[in-house]
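The file model08.pdb comes next; it holds PDB, C-alpha atoms, pLDDT in the B column.
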MODEL        1
ATOM      1  CA  MET L  10     -21.849 -18.270 -10.965  1.00 70.00           C
ATOM      2  CA  LYS L  11     -18.926 -19.248 -13.156  1.00 82.00           C
ATOM      3  CA  LEU L  12     -17.291 -22.593 -12.568  1.00 88.00           C
ATOM      4  CA  CYS L  13     -14.210 -21.945 -14.663  1.00 92.00           C
ATOM      5  CA  TYR L  14     -12.254 -19.228 -16.437  1.00 93.00           C
ATOM      6  CA  SER L  15     -10.360 -19.432 -19.703  1.00 94.00           C
ATOM      7  CA  SER L  16      -6.745 -18.397 -19.958  1.00 93.00           C
ATOM      8  CA  GLU L  17      -7.808 -15.404 -22.051  1.00 94.00           C
ATOM      9  CA  GLU L  18     -10.316 -14.314 -19.398  1.00 94.00           C
ATOM     10  CA  LEU L  19      -7.626 -14.500 -16.728  1.00 93.00           C
ATOM     11  CA  GLN L  20      -5.203 -12.477 -18.819  1.00 94.00           C
ATOM     12  CA  GLU L  21      -7.840  -9.780 -19.131  1.00 93.00           C
ATOM     13  CA  LEU L  22      -8.913 -10.008 -15.490  1.00 89.00           C
ATOM     14  CA  PHE L  23      -5.385  -9.818 -14.062  1.00 89.00           C
ATOM     15  CA  LYS L  24      -3.974  -7.610 -16.830  1.00 92.00           C
ATOM     16  CA  CYS L  25      -1.109 -10.018 -17.429  1.00 93.00           C
ATOM     17  CA  SER L  26       0.439 -12.199 -20.107  1.00 94.00           C
ATOM     18  CA  ARG L  27      -0.150 -15.862 -20.909  1.00 92.00           C
ATOM     19  CA  GLN L  28       3.294 -16.563 -19.468  1.00 94.00           C
ATOM     20  CA  THR L  29       2.210 -15.122 -16.105  1.00 93.00           C
ATOM     21  CA  ILE L  30      -0.866 -17.368 -16.104  1.00 93.00           C
ATOM     22  CA  CYS L  31       1.424 -20.356 -16.803  1.00 92.00           C
ATOM     23  CA  ARG L  32       3.652 -19.303 -13.874  1.00 92.00           C
ATOM     24  CA  MET L  33       0.615 -19.102 -11.609  1.00 91.00           C
ATOM     25  CA  GLU L  34      -0.286 -22.616 -12.694  1.00 91.00           C
ATOM     26  CA  SER L  35       3.283 -23.870 -12.129  1.00 92.00           C
ATOM     27  CA  ASP L  36       3.524 -22.461  -8.614  1.00 90.00           C
ATOM     28  CA  GLY L  37       0.125 -23.897  -7.667  1.00 88.00           C
ATOM     29  CA  ARG L  38      -1.941 -20.727  -7.442  1.00 88.00           C
ATOM     30  CA  LEU L  39      -4.126 -21.922 -10.336  1.00 90.00           C
ATOM     31  CA  LYS L  40      -5.342 -25.433 -11.110  1.00 90.00           C
ATOM     32  CA  ARG L  41      -5.937 -26.270 -14.759  1.00 91.00           C
ATOM     33  CA  LEU L  42      -9.071 -28.188 -15.622  1.00 92.00           C
ATOM     34  CA  TYR L  43      -8.171 -31.037 -17.959  1.00 91.00           C
ATOM     35  CA  GLY L  44     -10.767 -32.733 -20.092  1.00 88.00           C
ATOM     36  CA  LEU L  45     -12.206 -29.514 -21.454  1.00 86.00           C
ATOM     37  CA  PRO L  46     -11.377 -28.161 -24.890  1.00 91.00           C
ATOM     38  CA  GLY L  47      -9.082 -25.183 -24.441  1.00 90.00           C
ATOM     39  CA  THR L  48      -7.310 -24.010 -21.319  1.00 92.00           C
ATOM     40  CA  PHE L  49      -9.550 -23.434 -18.317  1.00 94.00           C
ATOM     41  CA  TYR L  50      -8.928 -22.904 -14.597  1.00 93.00           C
ATOM     42  CA  ARG L  51     -11.064 -23.482 -11.494  1.00 89.00           C
ATOM     43  CA  ALA L  52     -13.185 -20.505 -10.530  1.00 89.00           C
ATOM     44  CA  ALA L  53     -12.464 -21.126  -6.816  1.00 88.00           C
ATOM     45  CA  ASP L  54      -8.736 -20.597  -7.423  1.00 88.00           C
ATOM     46  CA  VAL L  55      -9.411 -17.449  -9.434  1.00 90.00           C
ATOM     47  CA  LEU L  56     -11.677 -16.019  -6.731  1.00 87.00           C
ATOM     48  CA  ALA L  57      -9.086 -16.842  -4.060  1.00 86.00           C
ATOM     49  CA  LEU L  58      -6.480 -14.903  -6.045  1.00 85.00           C
ATOM     50  CA  CYS L  59      -8.850 -11.946  -6.369  1.00 83.00           C
ATOM     51  CA  GLU L  60      -9.329 -11.837  -2.591  1.00 77.00           C
ATOM     52  CA  TYR L  61      -5.668 -12.380  -1.739  1.00 58.00           C
ATOM     53  CA  GLU L  62      -3.918  -9.242  -0.522  1.00 55.00           C
ATOM     54  CA  GLU L  63      -0.180  -9.454  -0.390  1.00 55.00           C
ATOM     55  CA  SER L  64       1.434  -7.522   2.425  1.00 59.00           C
ATOM     56  CA  ALA L  65       2.705  -4.226   1.090  1.00 63.00           C
ATOM     57  CA  HIS L  66       5.812  -4.412   3.278  1.00 65.00           C
ATOM     58  CA  GLY L  67       7.920  -7.235   4.663  1.00 72.00           C
ATOM     59  CA  PRO L  68       8.781  -7.390   8.382  1.00 76.00           C
ATOM     60  CA  LEU L  69      12.170  -5.697   7.974  1.00 82.00           C
ATOM     61  CA  GLU L  70      10.768  -2.941   5.806  1.00 82.00           C
ATOM     62  CA  TRP L  71       7.872  -2.505   8.244  1.00 80.00           C
ATOM     63  CA  GLU L  72      10.316  -2.105  11.152  1.00 86.00           C
ATOM     64  CA  LYS L  73      12.289   0.457   9.149  1.00 88.00           C
ATOM     65  CA  LEU L  74       9.083   2.390   8.404  1.00 88.00           C
ATOM     66  CA  GLU L  75       8.083   2.341  12.074  1.00 90.00           C
ATOM     67  CA  ASP L  76      11.527   3.680  13.061  1.00 92.00           C
ATOM     68  CA  GLU L  77      11.276   6.395  10.414  1.00 94.00           C
ATOM     69  CA  ASN L  78       7.774   7.289  11.603  1.00 94.00           C
ATOM     70  CA  LYS L  79       8.997   7.563  15.204  1.00 94.00           C
ATOM     71  CA  ALA L  80      11.931   9.793  14.173  1.00 96.00           C
ATOM     72  CA  LEU L  81       9.661  12.026  12.104  1.00 96.00           C
ATOM     73  CA  SER L  82       7.147  12.282  14.947  1.00 96.00           C
ATOM     74  CA  GLU L  83       9.914  13.379  17.326  1.00 96.00           C
ATOM     75  CA  GLU L  84      11.180  15.903  14.766  1.00 97.00           C
ATOM     76  CA  ASN L  85       7.631  17.190  14.302  1.00 96.00           C
ATOM     77  CA  LYS L  86       7.204  17.606  18.072  1.00 96.00           C
ATOM     78  CA  ALA L  87      10.523  19.467  18.349  1.00 97.00           C
ATOM     79  CA  LEU L  88       9.599  21.793  15.470  1.00 97.00           C
ATOM     80  CA  LYS L  89       6.208  22.534  17.025  1.00 97.00           C
ATOM     81  CA  GLU L  90       7.932  23.460  20.298  1.00 96.00           C
ATOM     82  CA  LYS L  91      10.374  25.774  18.464  1.00 96.00           C
ATOM     83  CA  LEU L  92       7.523  27.376  16.543  1.00 96.00           C
ATOM     84  CA  SER L  93       5.588  27.898  19.777  1.00 95.00           C
ATOM     85  CA  ARG L  94       8.616  29.634  21.378  1.00 94.00           C
ATOM     86  CA  ILE L  95       9.036  31.851  18.298  1.00 94.00           C
ATOM     87  CA  CYS L  96       5.344  32.811  18.401  1.00 93.00           C
ATOM     88  CA  GLU L  97       5.592  33.697  22.090  1.00 92.00           C
ATOM     89  CA  ALA L  98       8.702  35.814  21.416  1.00 91.00           C
ATOM     90  CA  LEU L  99       6.962  37.606  18.559  1.00 90.00           C
ATOM     91  CA  LYS L 100       3.917  38.306  20.714  1.00 88.00           C
ATOM     92  CA  GLY L 101       6.220  39.914  23.265  1.00 83.00           C
ATOM     93  CA  VAL L 102       7.929  42.043  20.612  1.00 81.00           C
ATOM     94  CA  MET L 103       4.608  43.098  19.116  1.00 82.00           C
ATOM     95  CA  ASN L 104       3.234  44.026  22.547  1.00 81.00           C
ATOM     96  CA  ASN L 105       6.318  46.155  23.252  1.00 76.00           C
ATOM     97  CA  GLU L 106       5.997  47.871  19.856  1.00 68.00           C
ATOM     98  CA  SER L 107       2.330  48.675  20.469  1.00 65.00           C
ATOM     99  CA  TYR L 108       3.235  50.452  23.731  1.00 60.00           C
ATOM    100  CA  ARG L 109       5.936  52.543  22.040  1.00 64.00           C
ATOM    101  CA  ASN L 110       3.861  53.557  18.994  1.00 60.00           C
ATOM    102  CA  PRO L 111       0.344  54.466  20.134  1.00 57.00           C
TER     103      PRO L 111
ENDMDL
END

Show me this structure written as structure tokens.
Amino acid sequence: MKLCYSSEELQELFKCSRQTICRMESDGRLKRLYGLPGTFYRAADVLALCEYEESAHGPLEWEKLEDENKALSEENKALKEKLSRICEALKGVMNNESYRNP
């Protein structure tokens, strides 16, 4: 088990620049290990970042998506009802045609 990761390893792992790693250090997501030659970060912080899943949508966007989903579900239901009525009408027409043309 690794105890620390170099800056270069993190850049490769997260597919990001050195500047991004520095930002992660500045905002507290990564803790630099001083006293080692080079730039290294605690493995626990790195693993925590790997497991962290940011919410794909904020609360307002989530509410908007729920409203849109509800509207689309209602539209879908209405279209299914229209399609059902059209199918019934066509069945009636086809039955009448079959009686006229034996």

Of L:Lys91, L:Lys86, L:Lys24, L:Arg51, the one nearest to Gly37 in chain L when counting only C-alpha atoms is L:Arg51

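When only C-alpha atoms are used to compute distances to Leu19 in chain L, the closest of the residues L:Asn105, L:Leu81, L:Ala52, L:Asp36 turns out to be L:Ala52.
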
note - CA of Arg32 in chain L and CA of Leu69 in chain L are separated by 27.1 Å

As a check of understanding: the span from CA of Lys89 in chain L to CA of Gly101 in chain L is 18.5 Å

*What's the 12 Å shell around Tyr14 in chain L, counting only C-alpha atoms, without same-chain residues fewer than 5 positions away, as a ChimeraX atom specification?*
/L:19-23,30,39-42,45,47-56

Can you write out the residues you just picked, keeping C-alpha atoms, as a CSV table (one decimal), in the frame of the given file?
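Output below, filename part_9.csv:
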chain,number,residue,atom,x,y,z
L,19,LEU,CA,-7.6,-14.5,-16.7
L,20,GLN,CA,-5.2,-12.5,-18.8
L,21,GLU,CA,-7.8,-9.8,-19.1
L,22,LEU,CA,-8.9,-10.0,-15.5
L,23,PHE,CA,-5.4,-9.8,-14.1
L,30,ILE,CA,-0.9,-17.4,-16.1
L,39,LEU,CA,-4.1,-21.9,-10.3
L,40,LYS,CA,-5.3,-25.4,-11.1
L,41,ARG,CA,-5.9,-26.3,-14.8
L,42,LEU,CA,-9.1,-28.2,-15.6
L,45,LEU,CA,-12.2,-29.5,-21.5
L,47,GLY,CA,-9.1,-25.2,-24.4
L,48,THR,CA,-7.3,-24.0,-21.3
L,49,PHE,CA,-9.6,-23.4,-18.3
L,50,TYR,CA,-8.9,-22.9,-14.6
L,51,ARG,CA,-11.1,-23.5,-11.5
L,52,ALA,CA,-13.2,-20.5,-10.5
L,53,ALA,CA,-12.5,-21.1,-6.8
L,54,ASP,CA,-8.7,-20.6,-7.4
L,55,VAL,CA,-9.4,-17.4,-9.4
L,56,LEU,CA,-11.7,-16.0,-6.7

(request) Would you mind reading off the distance between CA of Glu90 in chain L and CA of Trp71 in chain L, one decimal, in Å? (result)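 Interatomic distance, CA of Glu90 in chain L to CA of Trp71 in chain L: 28.6 Å.
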
Please supply range 57-92 of chain L, rebuilt with N, CA and C atoms, as a PDB file, in the coordinates of the input.
ATOM      1  N   ALA L  57     -10.038 -16.917  -5.176  1.00 86.00           N
ATOM      2  CA  ALA L  57      -9.086 -16.842  -4.060  1.00 86.00           C
ATOM      3  C   ALA L  57      -7.971 -15.854  -4.393  1.00 86.00           C
ATOM      4  N   LEU L  58      -7.519 -15.852  -5.643  1.00 85.00           N
ATOM      5  CA  LEU L  58      -6.480 -14.903  -6.045  1.00 85.00           C
ATOM      6  C   LEU L  58      -7.004 -13.470  -6.023  1.00 85.00           C
ATOM      7  N   CYS L  59      -8.263 -13.291  -6.376  1.00 83.00           N
ATOM      8  CA  CYS L  59      -8.850 -11.946  -6.369  1.00 83.00           C
ATOM      9  C   CYS L  59      -8.958 -11.393  -4.951  1.00 83.00           C
ATOM     10  N   GLU L  60      -9.179 -12.264  -3.975  1.00 77.00           N
ATOM     11  CA  GLU L  60      -9.329 -11.837  -2.591  1.00 77.00           C
ATOM     12  C   GLU L  60      -8.004 -11.745  -1.853  1.00 77.00           C
ATOM     13  N   TYR L  61      -6.969 -12.361  -2.398  1.00 58.00           N
ATOM     14  CA  TYR L  61      -5.668 -12.380  -1.739  1.00 58.00           C
ATOM     15  C   TYR L  61      -5.048 -10.999  -1.769  1.00 58.00           C
ATOM     16  N   GLU L  62      -4.604 -10.525  -0.611  1.00 55.00           N
ATOM     17  CA  GLU L  62      -3.918  -9.242  -0.522  1.00 55.00           C
ATOM     18  C   GLU L  62      -2.528  -9.481   0.030  1.00 55.00           C
ATOM     19  N   GLU L  63      -1.553  -9.265  -0.817  1.00 55.00           N
ATOM     20  CA  GLU L  63      -0.180  -9.454  -0.390  1.00 55.00           C
ATOM     21  C   GLU L  63       0.230  -8.280   0.491  1.00 55.00           C
ATOM     22  N   SER L  64       0.952  -8.570   1.539  1.00 59.00           N
ATOM     23  CA  SER L  64       1.434  -7.522   2.425  1.00 59.00           C
ATOM     24  C   SER L  64       2.268  -6.526   1.631  1.00 59.00           C
ATOM     25  N   ALA L  65       1.987  -5.260   1.837  1.00 63.00           N
ATOM     26  CA  ALA L  65       2.705  -4.226   1.090  1.00 63.00           C
ATOM     27  C   ALA L  65       4.164  -4.144   1.520  1.00 63.00           C
ATOM     28  N   HIS L  66       4.456  -4.520   2.759  1.00 65.00           N
ATOM     29  CA  HIS L  66       5.812  -4.412   3.278  1.00 65.00           C
ATOM     30  C   HIS L  66       6.175  -5.669   4.060  1.00 65.00           C
ATOM     31  N   GLY L  67       7.414  -6.113   3.890  1.00 72.00           N
ATOM     32  CA  GLY L  67       7.920  -7.235   4.663  1.00 72.00           C
ATOM     33  C   GLY L  67       8.232  -6.795   6.076  1.00 72.00           C
ATOM     34  N   PRO L  68       8.527  -7.728   6.979  1.00 76.00           N
ATOM     35  CA  PRO L  68       8.781  -7.390   8.382  1.00 76.00           C
ATOM     36  C   PRO L  68       9.947  -6.418   8.573  1.00 76.00           C
ATOM     37  N   LEU L  69      11.023  -6.600   7.822  1.00 82.00           N
ATOM     38  CA  LEU L  69      12.170  -5.697   7.974  1.00 82.00           C
ATOM     39  C   LEU L  69      11.841  -4.305   7.464  1.00 82.00           C
ATOM     40  N   GLU L  70      11.156  -4.245   6.342  1.00 82.00           N
ATOM     41  CA  GLU L  70      10.768  -2.941   5.806  1.00 82.00           C
ATOM     42  C   GLU L  70       9.763  -2.265   6.727  1.00 82.00           C
ATOM     43  N   TRP L  71       8.861  -3.058   7.314  1.00 80.00           N
ATOM     44  CA  TRP L  71       7.872  -2.505   8.244  1.00 80.00           C
ATOM     45  C   TRP L  71       8.570  -1.903   9.465  1.00 80.00           C
ATOM     46  N   GLU L  72       9.567  -2.609   9.998  1.00 86.00           N
ATOM     47  CA  GLU L  72      10.316  -2.105  11.152  1.00 86.00           C
ATOM     48  C   GLU L  72      11.032  -0.801  10.792  1.00 86.00           C
ATOM     49  N   LYS L  73      11.613  -0.760   9.612  1.00 88.00           N
ATOM     50  CA  LYS L  73      12.289   0.457   9.149  1.00 88.00           C
ATOM     51  C   LYS L  73      11.297   1.619   9.052  1.00 88.00           C
ATOM     52  N   LEU L  74      10.101   1.344   8.517  1.00 88.00           N
ATOM     53  CA  LEU L  74       9.083   2.390   8.404  1.00 88.00           C
ATOM     54  C   LEU L  74       8.610   2.869   9.773  1.00 88.00           C
ATOM     55  N   GLU L  75       8.482   1.950  10.721  1.00 90.00           N
ATOM     56  CA  GLU L  75       8.083   2.341  12.074  1.00 90.00           C
ATOM     57  C   GLU L  75       9.152   3.227  12.713  1.00 90.00           C
ATOM     58  N   ASP L  76      10.429   2.864  12.528  1.00 92.00           N
ATOM     59  CA  ASP L  76      11.527   3.680  13.061  1.00 92.00           C
ATOM     60  C   ASP L  76      11.522   5.071  12.427  1.00 92.00           C
ATOM     61  N   GLU L  77      11.316   5.111  11.116  1.00 94.00           N
ATOM     62  CA  GLU L  77      11.276   6.395  10.414  1.00 94.00           C
ATOM     63  C   GLU L  77      10.096   7.234  10.901  1.00 94.00           C
ATOM     64  N   ASN L  78       8.951   6.589  11.103  1.00 94.00           N
ATOM     65  CA  ASN L  78       7.774   7.289  11.603  1.00 94.00           C
ATOM     66  C   ASN L  78       8.038   7.872  12.991  1.00 94.00           C
ATOM     67  N   LYS L  79       8.687   7.094  13.851  1.00 94.00           N
ATOM     68  CA  LYS L  79       8.997   7.563  15.204  1.00 94.00           C
ATOM     69  C   LYS L  79       9.938   8.768  15.146  1.00 94.00           C
ATOM     70  N   ALA L  80      10.972   8.686  14.298  1.00 96.00           N
ATOM     71  CA  ALA L  80      11.931   9.793  14.173  1.00 96.00           C
ATOM     72  C   ALA L  80      11.241  11.044  13.641  1.00 96.00           C
ATOM     73  N   LEU L  81      10.369  10.876  12.665  1.00 96.00           N
ATOM     74  CA  LEU L  81       9.661  12.026  12.104  1.00 96.00           C
ATOM     75  C   LEU L  81       8.677  12.623  13.109  1.00 96.00           C
ATOM     76  N   SER L  82       8.060  11.787  13.912  1.00 96.00           N
ATOM     77  CA  SER L  82       7.147  12.282  14.947  1.00 96.00           C
ATOM     78  C   SER L  82       7.910  13.108  15.982  1.00 96.00           C
ATOM     79  N   GLU L  83       9.090  12.632  16.373  1.00 96.00           N
ATOM     80  CA  GLU L  83       9.914  13.379  17.326  1.00 96.00           C
ATOM     81  C   GLU L  83      10.380  14.707  16.719  1.00 96.00           C
ATOM     82  N   GLU L  84      10.772  14.671  15.448  1.00 97.00           N
ATOM     83  CA  GLU L  84      11.180  15.903  14.766  1.00 97.00           C
ATOM     84  C   GLU L  84      10.010  16.876  14.686  1.00 97.00           C
ATOM     85  N   ASN L  85       8.826  16.363  14.381  1.00 96.00           N
ATOM     86  CA  ASN L  85       7.631  17.190  14.302  1.00 96.00           C
ATOM     87  C   ASN L  85       7.341  17.847  15.650  1.00 96.00           C
ATOM     88  N   LYS L  86       7.447  17.079  16.722  1.00 96.00           N
ATOM     89  CA  LYS L  86       7.204  17.606  18.072  1.00 96.00           C
ATOM     90  C   LYS L  86       8.210  18.710  18.400  1.00 96.00           C
ATOM     91  N   ALA L  87       9.487  18.472  18.078  1.00 97.00           N
ATOM     92  CA  ALA L  87      10.523  19.467  18.349  1.00 97.00           C
ATOM     93  C   ALA L  87      10.275  20.748  17.549  1.00 97.00           C
ATOM     94  N   LEU L  88       9.870  20.616  16.299  1.00 97.00           N
ATOM     95  CA  LEU L  88       9.599  21.793  15.470  1.00 97.00           C
ATOM     96  C   LEU L  88       8.386  22.567  15.973  1.00 97.00           C
ATOM     97  N   LYS L  89       7.375  21.856  16.453  1.00 97.00           N
ATOM     98  CA  LYS L  89       6.208  22.534  17.025  1.00 97.00           C
ATOM     99  C   LYS L  89       6.603  23.331  18.264  1.00 97.00           C
ATOM    100  N   GLU L  90       7.477  22.751  19.102  1.00 96.00           N
ATOM    101  CA  GLU L  90       7.932  23.460  20.298  1.00 96.00           C
ATOM    102  C   GLU L  90       8.717  24.712  19.918  1.00 96.00           C
ATOM    103  N   LYS L  91       9.605  24.605  18.922  1.00 96.00           N
ATOM    104  CA  LYS L  91      10.374  25.774  18.464  1.00 96.00           C
ATOM    105  C   LYS L  91       9.443  26.841  17.917  1.00 96.00           C
ATOM    106  N   LEU L  92       8.472  26.425  17.117  1.00 96.00           N
ATOM    107  CA  LEU L  92       7.523  27.376  16.543  1.00 96.00           C
ATOM    108  C   LEU L  92       6.714  28.059  17.641  1.00 96.00           C
TER     109      LEU L  92
END
